[in-house]
>>> print(open('query08.cif').read())   # mmCIF, C-alpha atoms and all ligand atoms
data_my_file
#
loop_
_atom_site.label_atom_id
_atom_site.label_comp_id
_atom_site.auth_asym_id
_atom_site.auth_seq_id
_atom_site.Cartn_x
_atom_site.Cartn_y
_atom_site.Cartn_z
CA MET A 1 66.32 7.37 -27.26
CA LYS A 2 68.37 4.46 -25.95
CA ILE A 3 66.81 2.42 -23.15
CA GLU A 4 70.00 0.84 -21.85
CA GLY A 5 71.20 2.45 -18.63
CA THR A 6 67.99 4.37 -17.98
CA THR A 7 65.58 4.17 -15.05
CA ALA A 8 61.90 3.55 -15.73
CA PHE A 9 59.16 4.35 -13.21
CA ILE A 10 56.03 2.33 -14.03
CA THR A 11 52.71 2.75 -12.24
CA GLY A 12 50.58 -0.37 -12.16
CA GLY A 13 53.90 -1.99 -13.03
CA ALA A 14 53.32 -5.17 -11.05
CA SER A 15 50.54 -6.70 -13.15
CA GLY A 16 49.17 -7.01 -16.66
CA ILE A 17 50.26 -4.44 -19.22
CA GLY A 18 52.53 -2.55 -16.83
CA PHE A 19 54.34 -5.75 -15.88
CA GLY A 20 54.72 -6.65 -19.57
CA ILE A 21 56.24 -3.23 -20.25
CA ALA A 22 58.48 -3.66 -17.19
CA GLN A 23 59.85 -6.99 -18.43
CA ARG A 24 60.67 -5.63 -21.86
CA LEU A 25 62.27 -2.43 -20.57
CA LEU A 26 64.43 -4.49 -18.23
CA ASP A 27 65.37 -6.81 -21.12
CA HIS A 28 66.62 -3.69 -22.92
CA GLY A 29 68.80 -2.63 -20.01
CA ALA A 30 66.60 -0.31 -17.90
CA ARG A 31 66.43 -0.33 -14.11
CA LEU A 32 62.87 -0.46 -12.84
CA VAL A 33 60.82 1.21 -10.16
CA LEU A 34 57.45 -0.52 -10.02
CA ALA A 35 54.70 1.39 -8.22
CA ASP A 36 51.40 -0.30 -7.44
CA ILE A 37 48.54 -0.08 -4.98
CA ARG A 38 48.59 -3.86 -4.44
CA GLN A 39 51.35 -5.20 -2.17
CA ASP A 40 50.65 -8.79 -3.31
CA HIS A 41 51.19 -7.76 -6.94
CA LEU A 42 54.44 -5.98 -6.00
CA ASP A 43 55.69 -9.00 -4.04
CA GLU A 44 54.92 -11.34 -6.96
CA ALA A 45 56.64 -9.08 -9.47
CA LYS A 46 59.70 -8.67 -7.23
CA GLN A 47 59.91 -12.45 -6.81
CA PHE A 48 59.61 -12.95 -10.58
CA PHE A 49 62.65 -10.75 -11.18
CA GLU A 50 64.60 -12.19 -8.23
CA GLU A 51 64.13 -15.70 -9.61
CA ARG A 52 65.77 -14.44 -12.81
CA GLN A 53 68.68 -12.86 -10.90
CA GLN A 54 67.42 -9.40 -11.85
CA GLY A 55 66.13 -8.34 -8.44
CA ARG A 56 68.83 -5.74 -7.82
CA ASN A 57 67.60 -3.77 -10.85
CA VAL A 58 64.04 -3.61 -9.53
CA HIS A 59 62.69 -1.45 -6.72
CA THR A 60 59.03 -1.53 -5.65
CA ILE A 61 56.89 1.19 -4.09
CA ARG A 62 53.36 0.87 -2.72
CA LEU A 63 51.48 3.80 -4.26
CA ASP A 64 47.97 4.99 -5.00
CA VAL A 65 48.33 7.13 -8.14
CA SER A 66 45.28 9.19 -7.20
CA ASP A 67 47.14 10.42 -4.09
CA ARG A 68 49.17 13.49 -5.10
CA ALA A 69 51.27 13.69 -1.94
CA ALA A 70 52.17 10.00 -2.23
CA MET A 71 53.11 10.49 -5.90
CA ALA A 72 55.47 13.33 -4.92
CA GLU A 73 57.06 11.08 -2.28
CA ALA A 74 57.42 8.28 -4.85
CA ALA A 75 59.28 10.66 -7.17
CA LYS A 76 61.77 11.44 -4.37
CA GLU A 77 62.19 7.75 -3.53
CA CYS A 78 62.73 6.82 -7.17
CA GLU A 79 65.45 9.45 -7.58
CA ALA A 80 67.14 8.46 -4.30
CA VAL A 81 67.12 4.72 -4.91
CA MET A 82 67.49 4.25 -8.68
CA GLY A 83 68.17 7.73 -10.06
CA GLY A 84 65.94 9.40 -12.60
CA PRO A 85 63.56 8.35 -13.91
CA ASP A 86 64.30 8.83 -17.59
CA ILE A 87 61.17 6.91 -18.57
CA LEU A 88 57.83 7.50 -16.86
CA VAL A 89 55.01 5.05 -17.60
CA ASN A 90 51.64 6.25 -16.24
CA ASN A 91 49.86 2.96 -16.66
CA ALA A 92 47.94 2.15 -13.45
CA GLY A 93 44.25 1.93 -14.12
CA ILE A 94 41.00 0.31 -13.11
CA ASP A 95 37.68 -0.52 -14.71
CA PRO A 96 35.08 1.77 -13.12
CA SER A 97 32.19 0.63 -15.31
CA GLY A 98 28.58 0.16 -14.27
CA PRO A 99 25.02 1.24 -15.13
CA PHE A 100 25.24 5.01 -15.68
CA GLU A 101 21.92 5.55 -13.85
CA GLN A 102 23.56 4.11 -10.71
CA ALA A 103 26.82 6.07 -10.91
CA THR A 104 27.52 8.26 -7.88
CA TYR A 105 30.08 11.03 -7.45
CA GLN A 106 32.20 8.45 -5.61
CA ASP A 107 32.33 6.39 -8.80
CA TRP A 108 33.25 9.41 -10.88
CA ASP A 109 35.89 10.54 -8.37
CA TYR A 110 37.33 7.04 -8.24
CA GLY A 111 37.30 6.46 -12.01
CA LEU A 112 38.73 9.83 -12.94
CA GLY A 113 40.95 9.92 -9.82
CA VAL A 114 42.86 6.81 -10.83
CA ASN A 115 42.53 6.74 -14.62
CA LEU A 116 42.90 10.44 -15.46
CA TRP A 117 44.36 12.18 -12.39
CA GLY A 118 46.81 9.26 -12.04
CA PRO A 119 48.66 10.19 -15.26
CA ILE A 120 48.30 13.92 -14.51
CA ASN A 121 49.73 13.40 -11.01
CA GLY A 122 52.60 11.39 -12.50
CA ILE A 123 53.43 14.11 -15.00
CA MET A 124 53.18 16.89 -12.40
CA ALA A 125 55.35 15.03 -9.90
CA PHE A 126 58.00 13.68 -12.25
CA SER A 127 58.37 15.99 -15.24
CA PRO A 128 60.10 18.89 -13.40
CA GLY A 129 62.87 16.49 -12.33
CA MET A 130 63.07 14.92 -15.78
CA ARG A 131 63.48 18.37 -17.31
CA ALA A 132 65.97 19.56 -14.67
CA ARG A 133 68.25 16.54 -15.15
CA GLY A 134 68.59 17.57 -18.78
CA ARG A 135 68.94 14.02 -20.07
CA GLY A 136 65.74 13.99 -22.14
CA GLY A 137 63.54 10.95 -21.69
CA HIS A 138 60.12 9.61 -22.47
CA ILE A 139 56.62 9.57 -20.97
CA VAL A 140 54.12 6.81 -21.78
CA ASN A 141 50.48 7.19 -20.76
CA THR A 142 48.16 4.21 -20.94
CA ALA A 143 44.75 5.16 -22.34
CA SER A 144 42.51 2.70 -24.20
CA LEU A 145 40.81 2.25 -27.55
CA ALA A 146 37.74 3.01 -25.43
CA GLY A 147 38.95 6.62 -25.30
CA LEU A 148 38.80 6.89 -29.07
CA THR A 149 35.52 5.32 -30.10
CA PRO A 150 32.01 6.12 -28.84
CA MET A 151 31.28 3.80 -25.92
CA PRO A 152 28.04 2.63 -24.29
CA SER A 153 26.93 4.54 -21.19
CA PHE A 154 27.94 1.55 -19.05
CA MET A 155 31.55 2.59 -19.73
CA VAL A 156 31.17 6.36 -19.63
CA ILE A 157 33.51 7.02 -16.67
CA TYR A 158 36.22 4.84 -18.18
CA ALA A 159 35.80 6.38 -21.63
CA VAL A 160 35.89 9.98 -20.35
CA ALA A 161 39.08 9.29 -18.40
CA LYS A 162 40.78 7.53 -21.31
CA ALA A 163 39.78 10.21 -23.83
CA GLY A 164 41.35 12.67 -21.40
CA VAL A 165 44.58 10.67 -21.30
CA ILE A 166 44.80 10.72 -25.11
CA THR A 167 44.30 14.50 -25.21
CA LEU A 168 46.65 15.00 -22.27
CA THR A 169 49.43 13.18 -24.09
CA GLU A 170 48.90 14.96 -27.40
CA SER A 171 48.72 18.37 -25.75
CA ILE A 172 51.94 18.21 -23.70
CA ARG A 173 53.97 16.95 -26.61
CA ASP A 174 55.31 20.34 -27.72
CA SER A 175 56.27 21.39 -24.21
CA MET A 176 58.07 18.14 -23.39
CA ALA A 177 59.87 18.18 -26.74
CA LYS A 178 61.63 21.39 -25.70
CA ASP A 179 63.47 19.26 -23.13
CA ASN A 180 63.92 16.34 -25.48
CA ILE A 181 61.28 14.27 -23.70
CA GLY A 182 59.11 12.21 -26.05
CA VAL A 183 55.54 11.16 -25.34
CA THR A 184 53.47 8.13 -26.26
CA VAL A 185 49.84 7.33 -25.65
CA LEU A 186 49.12 3.62 -25.51
CA MET A 187 45.62 2.62 -26.67
CA PRO A 188 45.20 -1.08 -25.95
CA GLY A 189 42.43 -3.40 -27.01
CA PRO A 190 41.89 -6.58 -24.94
CA ILE A 191 45.10 -7.64 -23.17
CA LYS A 192 45.52 -10.49 -20.66
CA SER A 193 45.54 -8.87 -17.24
CA ARG A 194 43.86 -8.73 -13.84
CA ILE A 195 41.78 -5.61 -14.50
CA HIS A 196 38.70 -7.68 -13.58
CA GLU A 197 39.99 -7.43 -9.98
CA SER A 198 39.39 -3.67 -10.03
CA GLY A 199 36.89 -3.92 -7.17
CA GLN A 200 39.77 -4.97 -4.90
CA ASN A 201 41.90 -2.03 -6.05
CA ARG A 202 39.41 0.75 -5.24
CA PRO A 203 41.17 3.05 -2.73
CA GLU A 204 39.45 3.05 0.66
CA ARG A 205 38.26 6.68 0.42
CA PHE A 206 36.23 5.93 -2.73
CA ARG A 207 34.44 2.85 -1.35
CA SER A 208 31.44 4.02 0.63
CA GLY A 209 28.61 5.39 -1.46
CA SER A 210 29.50 3.62 -4.71
CA GLY A 211 26.63 2.65 -6.98
CA PHE A 212 28.71 -0.04 -8.66
CA ALA A 213 29.31 -2.53 -5.82
CA GLU A 214 27.32 -5.29 -7.53
CA THR A 215 28.87 -4.66 -10.94
CA GLU A 216 32.35 -4.90 -9.41
CA VAL A 217 31.51 -8.32 -7.96
CA GLN A 218 30.30 -9.49 -11.39
CA LEU A 219 33.37 -8.03 -13.12
CA GLY A 220 35.49 -10.07 -10.72
CA LYS A 221 34.02 -13.24 -12.26
CA ARG A 222 35.03 -12.34 -15.84
CA VAL A 223 37.41 -14.88 -17.31
CA VAL A 224 40.55 -13.77 -19.13
CA SER A 225 40.23 -14.97 -22.73
CA ASP A 226 42.95 -16.88 -24.59
CA THR A 227 42.26 -14.62 -27.57
CA TRP A 228 43.54 -11.53 -25.70
CA MET A 229 47.06 -10.26 -26.31
CA GLU A 230 50.03 -11.08 -24.08
CA PRO A 231 51.24 -8.07 -22.04
CA THR A 232 54.84 -8.63 -23.16
CA GLU A 233 53.71 -8.06 -26.77
CA VAL A 234 52.51 -4.65 -25.62
CA GLY A 235 55.88 -4.26 -23.91
CA ASP A 236 57.62 -4.79 -27.27
CA MET A 237 55.40 -2.12 -28.86
CA ILE A 238 56.25 0.32 -26.08
CA VAL A 239 59.99 -0.30 -26.41
CA ASP A 240 59.68 0.49 -30.12
CA ALA A 241 57.60 3.61 -29.39
CA ILE A 242 60.15 4.92 -26.88
CA VAL A 243 63.13 4.24 -29.14
CA HIS A 244 61.45 5.89 -32.15
CA ASN A 245 59.40 8.51 -30.24
CA LYS A 246 56.03 7.37 -31.60
CA LEU A 247 53.04 9.35 -30.36
CA TYR A 248 50.42 6.64 -30.82
CA VAL A 249 50.47 2.94 -30.04
CA ALA A 250 47.27 0.98 -30.73
CA THR A 251 47.46 -2.74 -30.06
CA HIS A 252 44.50 -3.79 -32.23
CA GLY A 253 42.91 -2.57 -35.46
CA ASN A 254 39.46 -3.98 -34.77
CA TRP A 255 37.70 -0.67 -34.11
CA ARG A 256 39.35 1.15 -36.99
CA ASP A 257 36.00 1.54 -38.82
CA ASN A 258 34.31 2.96 -35.71
CA VAL A 259 37.10 5.52 -35.34
CA ARG A 260 36.90 6.45 -39.02
CA GLU A 261 33.09 6.79 -38.86
CA ARG A 262 33.34 8.96 -35.76
CA PHE A 263 35.83 11.37 -37.28
CA GLU A 264 34.06 11.41 -40.64
CA ALA A 265 30.79 12.31 -38.86
CA MET A 266 32.56 15.09 -36.96
CA ILE A 267 34.17 16.44 -40.13
CA ALA A 268 30.78 16.26 -41.90
CA ALA A 269 29.34 18.42 -39.10
CA MET A 270 31.93 21.15 -39.74
CA PRO A 271 31.07 24.10 -42.02
CA GLU A 272 33.57 25.39 -44.60
CA PRO A 273 36.60 27.05 -42.93
CA VAL A 274 36.34 30.80 -42.32
CA ASP A 275 39.06 32.99 -43.77
CA PHE A 276 41.27 33.81 -40.81
CA ASP A 277 44.12 32.25 -38.84
CA PHE A 278 42.42 30.48 -35.92
CA GLY A 279 45.64 29.69 -34.06
CA ALA A 280 47.05 33.21 -34.23
CA SER A 281 43.79 34.86 -33.15
CA LEU A 282 43.43 32.56 -30.13
CA SER A 283 47.02 32.83 -28.89
CA VAL A 284 47.76 34.82 -25.75
CA PRO A 285 49.81 37.97 -26.46
CA ASP A 286 53.47 37.93 -25.34
CA LYS A 287 54.30 40.06 -22.31
CA GLU A 288 55.76 43.44 -23.27
CA ASP A 289 59.06 44.39 -21.61
N1 LIG B 301 43.72 -5.19 -20.14
C1 LIG B 301 43.07 -4.57 -21.10
O1 LIG B 301 42.41 -5.20 -21.90
C2 LIG B 301 43.16 -3.07 -21.22
C3 LIG B 301 42.62 -2.46 -22.36
C4 LIG B 301 42.72 -1.08 -22.51
C5 LIG B 301 43.36 -0.34 -21.53
N2 LIG B 301 43.87 -0.96 -20.43
C6 LIG B 301 44.56 -0.13 -19.44
O2 LIG B 301 45.81 -0.69 -19.14
C7 LIG B 301 46.23 -0.27 -17.85
C8 LIG B 301 46.74 -1.46 -17.07
O3 LIG B 301 45.66 -2.33 -16.77
P1 LIG B 301 45.76 -3.90 -16.88
O4 LIG B 301 44.70 -4.34 -17.80
O5 LIG B 301 47.13 -4.34 -17.11
O6 LIG B 301 45.21 -4.31 -15.42
P2 LIG B 301 45.88 -4.98 -14.14
O7 LIG B 301 44.87 -4.88 -13.07
O8 LIG B 301 46.44 -6.33 -14.46
O9 LIG B 301 47.11 -4.02 -13.84
C9 LIG B 301 46.91 -2.76 -13.30
C10 LIG B 301 47.78 -2.58 -12.06
O10 LIG B 301 47.51 -1.27 -11.56
C11 LIG B 301 47.37 -1.37 -10.16
N3 LIG B 301 46.53 -0.27 -9.69
C12 LIG B 301 45.18 -0.16 -9.72
N4 LIG B 301 44.80 0.99 -9.15
C13 LIG B 301 45.93 1.62 -8.75
C14 LIG B 301 46.18 2.85 -8.10
N5 LIG B 301 45.17 3.65 -7.67
N6 LIG B 301 47.46 3.21 -7.87
C15 LIG B 301 48.48 2.39 -8.25
N7 LIG B 301 48.29 1.19 -8.83
C16 LIG B 301 47.03 0.83 -9.10
C17 LIG B 301 46.74 -2.72 -9.91
O11 LIG B 301 46.99 -3.17 -8.58
C18 LIG B 301 47.44 -3.58 -10.96
O12 LIG B 301 48.61 -4.20 -10.43
C19 LIG B 301 45.03 0.43 -17.24
O13 LIG B 301 45.20 1.84 -17.35
C20 LIG B 301 43.89 -0.03 -18.09
O14 LIG B 301 42.81 0.89 -18.10
C21 LIG B 301 43.78 -2.30 -20.26
#
>>> encode(input="query08.cif", output="structure tokens")
Amino acid sequence: MKIEGTTAFITGGASGIGFGIAQRLLDHGARLVLADIRQDHLDEAKQFFEERQQGRNVHTIRLDVSDRAAMAEAAKECEAVMGGPDILVNNAGIDPSGPFEQATYQDWDYGLGVNLWGPINGIMAFSPGMRARGRGGHIVNTASLAGLTPMPSFMVIYAVAKAGVITLTESIRDSMAKDNIGVTVLMPGPIKSRIHESGQNRPERFRSGSGFAETEVQLGKRVVSDTWMEPTEVGDMIVDAIVHNKLYVATHGNWRDNVRERFEAMIAAMPEPVDFDFGASLSVPDKED
């Protein structure tokens, strides 16, 4: 699809990867709606674009992606203010890692609430409008390479959510294609961002009862490495994926061997195929008239 003249709604669009995607989509002629839980991030992003005389093409919304009602309101506001969207980028995310033995339900609800339900909420709130407008479009969901390779238990909540985002994207592809809406799952490796500030981004209702308070403080001290990729490079990859409707975007090849070993081990665990059509036998019968 062509990006020029479209509207893009980007969650977590005011920092890191989302902001890199935002800059590149704007460079290619999209109007932006940036949604983020952090008002300071939104203000900074807005100022960045205003300084470049692009402020009128950027609207900001304070939003917690784990809040379904707020997501539905954001969809209405996006349509009213900027039209569309034609491009939905479900990118907002946090790092909910910590010692598995200390994880509480609050940590699970927070980690899955933002990192998995966030993209689901985005799709549920926005895709009916995208379909109804009949203009086609594209949905990008940010997962992680951590959703694809076996991870240590310290990262289990993150990995479960990100694996879910990969499967979510793959599994809605056929349905969205009927309305000419492409899908991409982004699987980044290390990218320069402020994800180490995740402790500050934990929605209020998930704070009390966390087992990860200490880990979040330590994560806050992690230094962004010069070796990590620039978010605008990811933005370039996403522009290419939207234009050419690519399902997968992986920013790094470093864990290629781990992925291959994982799938080879799974395939090795599979017996020889049985002689019947799996798909046909599992399908739900059509309703008779
Ligand atoms: N940076 C990396 O190395 C890396 C690697 C793999 C995947 N990712 C994924 O990329 C995405 C973007 O993260 P980033 O690294 O750019 O971090 P970041 O913290 O710089 O940007 C994320 C933005 O999302 C916002 N946010 C957090 N929780 C939110 C919520 N509940 N509702 C709305 N906005 C919320 C934050 O305020 C922030 O502005 C995340 O999904 C993350 O899991 C990042």
>>> residues_near_ligand(input="query08.cif", ligand="ligand LIG 301 (chain B)", cutoff="7 Å", atoms="all atoms listed in the file", output="VMD selection string")
chain A and resid 11 to 18 35 to 38 41 63 to 66 91 to 95 114 to 115 142 to 145 187 to 198 201 to 203
>>> write_last_selection(input="query08.cif", atoms="C-alpha atoms", output="short mmCIF file (atom, residue, chain, number, x, y, z; two decimals), keeping the file's coordinate frame")
data_model
loop_
_atom_site.label_atom_id
_atom_site.label_comp_id
_atom_site.auth_asym_id
_atom_site.auth_seq_id
_atom_site.Cartn_x
_atom_site.Cartn_y
_atom_site.Cartn_z
CA THR A 11 52.71 2.75 -12.24
CA GLY A 12 50.58 -0.37 -12.16
CA GLY A 13 53.90 -1.99 -13.03
CA ALA A 14 53.32 -5.17 -11.05
CA SER A 15 50.54 -6.70 -13.15
CA GLY A 16 49.17 -7.01 -16.66
CA ILE A 17 50.26 -4.44 -19.22
CA GLY A 18 52.53 -2.55 -16.83
CA ALA A 35 54.70 1.39 -8.22
CA ASP A 36 51.40 -0.30 -7.44
CA ILE A 37 48.54 -0.08 -4.98
CA ARG A 38 48.59 -3.86 -4.44
CA HIS A 41 51.19 -7.76 -6.94
CA LEU A 63 51.48 3.80 -4.26
CA ASP A 64 47.97 4.99 -5.00
CA VAL A 65 48.33 7.13 -8.14
CA SER A 66 45.28 9.19 -7.20
CA ASN A 91 49.86 2.96 -16.66
CA ALA A 92 47.94 2.15 -13.45
CA GLY A 93 44.25 1.93 -14.12
CA ILE A 94 41.00 0.31 -13.11
CA ASP A 95 37.68 -0.52 -14.71
CA VAL A 114 42.86 6.81 -10.83
CA ASN A 115 42.53 6.74 -14.62
CA THR A 142 48.16 4.21 -20.94
CA ALA A 143 44.75 5.16 -22.34
CA SER A 144 42.51 2.70 -24.20
CA LEU A 145 40.81 2.25 -27.55
CA MET A 187 45.62 2.62 -26.67
CA PRO A 188 45.20 -1.08 -25.95
CA GLY A 189 42.43 -3.40 -27.01
CA PRO A 190 41.89 -6.58 -24.94
CA ILE A 191 45.10 -7.64 -23.17
CA LYS A 192 45.52 -10.49 -20.66
CA SER A 193 45.54 -8.87 -17.24
CA ARG A 194 43.86 -8.73 -13.84
CA ILE A 195 41.78 -5.61 -14.50
CA HIS A 196 38.70 -7.68 -13.58
CA GLU A 197 39.99 -7.43 -9.98
CA SER A 198 39.39 -3.67 -10.03
CA ASN A 201 41.90 -2.03 -6.05
CA ARG A 202 39.41 0.75 -5.24
CA PRO A 203 41.17 3.05 -2.73
#
>>> atom_distance(input="query08.cif", atom1="CA of Pro231 in chain A", atom2="CA of Gly20 in chain A")
4.5 Å
>>> closest_residue(input="query08.cif", among="A:Glu101, A:Ala125, A:Glu44, A:Gly220", to="Glu79 in chain A", atoms="only C-alpha atoms")
A:Ala125
>>> atom_distance(input="query08.cif", atom1="CA of Val259 in chain A", atom2="CA of Lys162 in chain A")
14.6 Å
>>> residues_around(input="query08.cif", residues="Glu233 in chain A", least_positions_apart="4", cutoff="9 Å", atoms="all atoms listed in the file", output="JSON, numbers by chain")
{"A": [20, 21, 24, 229, 237, 238, 251]}
>>> atom_distance(input="query08.cif", atom1="CA of Gly279 in chain A", atom2="CA of Leu247 in chain A")
22.0 Å
>>> residues_around(input="query08.cif", residues="Asp107 in chain A", least_positions_apart="2", cutoff="9 Å", atoms="all atoms listed in the file", output="NGL selection string")
:A and (96-97 or 103-105 or 109-112 or 157 or 206-207 or 209-212)
>>> closest_residue(input="query08.cif", among="A:Val185, A:Ala163, A:Val89, A:Val249", to="Asp236 in chain A", atoms="all atoms listed in the file")
A:Val249
>>> closest_residue(input="query08.cif", among="A:Lys178, A:His252, A:Arg222, A:Arg173", to="Val234 in chain A", atoms="only C-alpha atoms")
A:His252
>>> axis_aligned_box(input="query08.cif", around="range 131-137 of chain A", padding_each_side="5 Å", output="AutoDock Vina command-line options")
--center_x 66.2 --center_y 15.3 --center_z -18.4 --size_x 15.5 --size_y 18.6 --size_z 17.5
>>> closest_residue(input="query08.cif", among="A:Pro150, A:Gly235, A:Pro273, A:Gly253", to="Gln23 in chain A", atoms="all atoms listed in the file")
A:Gly235
>>> residues_around(input="query08.cif", residues="Met130 in chain A", least_positions_apart="5", cutoff="8 Å", atoms="only C-alpha atoms", output="JSON, numbers by chain")
{"A": [84, 85, 86, 135, 136, 137]}
>>> residues_around(input="query08.cif", residues="Phe100 in chain A", least_positions_apart="5", cutoff="9 Å", atoms="all atoms listed in the file", output="ChimeraX atom specification")
/A:153-157
>>> decode(input="query08.cif", residues="range 54-73 of chain A", atoms="N, CA and C atoms", output="mmCIF file, in the first residue's frame")
data_model
loop_
_atom_site.group_PDB
_atom_site.id
_atom_site.type_symbol
_atom_site.label_atom_id
_atom_site.label_comp_id
_atom_site.auth_asym_id
_atom_site.auth_seq_id
_atom_site.Cartn_x
_atom_site.Cartn_y
_atom_site.Cartn_z
ATOM 1 N N GLN A 54 6.136 20.217 11.670
ATOM 2 C CA GLN A 54 5.261 19.102 11.276
ATOM 3 C C GLN A 54 4.159 18.868 12.310
ATOM 4 N N GLY A 55 4.065 19.785 13.261
ATOM 5 C CA GLY A 55 3.138 19.599 14.382
ATOM 6 C C GLY A 55 1.687 19.420 13.971
ATOM 7 N N ARG A 56 1.268 20.074 12.891
ATOM 8 C CA ARG A 56 -0.158 19.979 12.514
ATOM 9 C C ARG A 56 -0.522 18.585 12.005
ATOM 10 N N ASN A 57 0.482 17.795 11.655
ATOM 11 C CA ASN A 57 0.207 16.417 11.197
ATOM 12 C C ASN A 57 0.313 15.390 12.315
ATOM 13 N N VAL A 58 0.422 15.886 13.552
ATOM 14 C CA VAL A 58 0.609 14.969 14.686
ATOM 15 C C VAL A 58 -0.377 15.310 15.797
ATOM 16 N N HIS A 59 -1.148 14.292 16.190
ATOM 17 C CA HIS A 59 -2.074 14.444 17.314
ATOM 18 C C HIS A 59 -1.652 13.450 18.393
ATOM 19 N N THR A 60 -1.734 13.855 19.665
ATOM 20 C CA THR A 60 -1.324 12.943 20.736
ATOM 21 C C THR A 60 -2.514 12.615 21.642
ATOM 22 N N ILE A 61 -2.504 11.404 22.149
ATOM 23 C CA ILE A 61 -3.561 10.936 23.059
ATOM 24 C C ILE A 61 -2.908 10.204 24.225
ATOM 25 N N ARG A 62 -3.270 10.568 25.430
ATOM 26 C CA ARG A 62 -2.805 9.815 26.606
ATOM 27 C C ARG A 62 -3.647 8.550 26.702
ATOM 28 N N LEU A 63 -3.000 7.401 26.716
ATOM 29 C CA LEU A 63 -3.741 6.127 26.649
ATOM 30 C C LEU A 63 -2.964 5.025 27.354
ATOM 31 N N ASP A 64 -3.696 4.211 28.099
ATOM 32 C CA ASP A 64 -3.146 2.954 28.624
ATOM 33 C C ASP A 64 -3.742 1.843 27.756
ATOM 34 N N VAL A 65 -2.894 1.157 26.993
ATOM 35 C CA VAL A 65 -3.397 0.164 26.031
ATOM 36 C C VAL A 65 -4.072 -1.030 26.704
ATOM 37 N N SER A 66 -3.833 -1.206 27.999
ATOM 38 C CA SER A 66 -4.486 -2.335 28.682
ATOM 39 C C SER A 66 -5.914 -1.983 29.110
ATOM 40 N N ASP A 67 -6.322 -0.740 28.867
ATOM 41 C CA ASP A 67 -7.655 -0.258 29.249
ATOM 42 C C ASP A 67 -8.558 -0.280 28.011
ATOM 43 N N ARG A 68 -9.453 -1.262 27.946
ATOM 44 C CA ARG A 68 -10.275 -1.446 26.742
ATOM 45 C C ARG A 68 -11.164 -0.248 26.439
ATOM 46 N N ALA A 69 -11.801 0.292 27.500
ATOM 47 C CA ALA A 69 -12.720 1.412 27.273
ATOM 48 C C ALA A 69 -11.934 2.607 26.724
ATOM 49 N N ALA A 70 -10.748 2.833 27.275
ATOM 50 C CA ALA A 70 -9.933 3.964 26.813
ATOM 51 C C ALA A 70 -9.493 3.747 25.363
ATOM 52 N N MET A 71 -9.202 2.504 25.002
ATOM 53 C CA MET A 71 -8.798 2.202 23.621
ATOM 54 C C MET A 71 -9.956 2.514 22.662
ATOM 55 N N ALA A 72 -11.172 2.157 23.069
ATOM 56 C CA ALA A 72 -12.346 2.440 22.221
ATOM 57 C C ALA A 72 -12.524 3.949 22.059
ATOM 58 N N GLU A 73 -12.310 4.698 23.129
ATOM 59 C CA GLU A 73 -12.407 6.167 23.051
ATOM 60 C C GLU A 73 -11.324 6.724 22.128
#
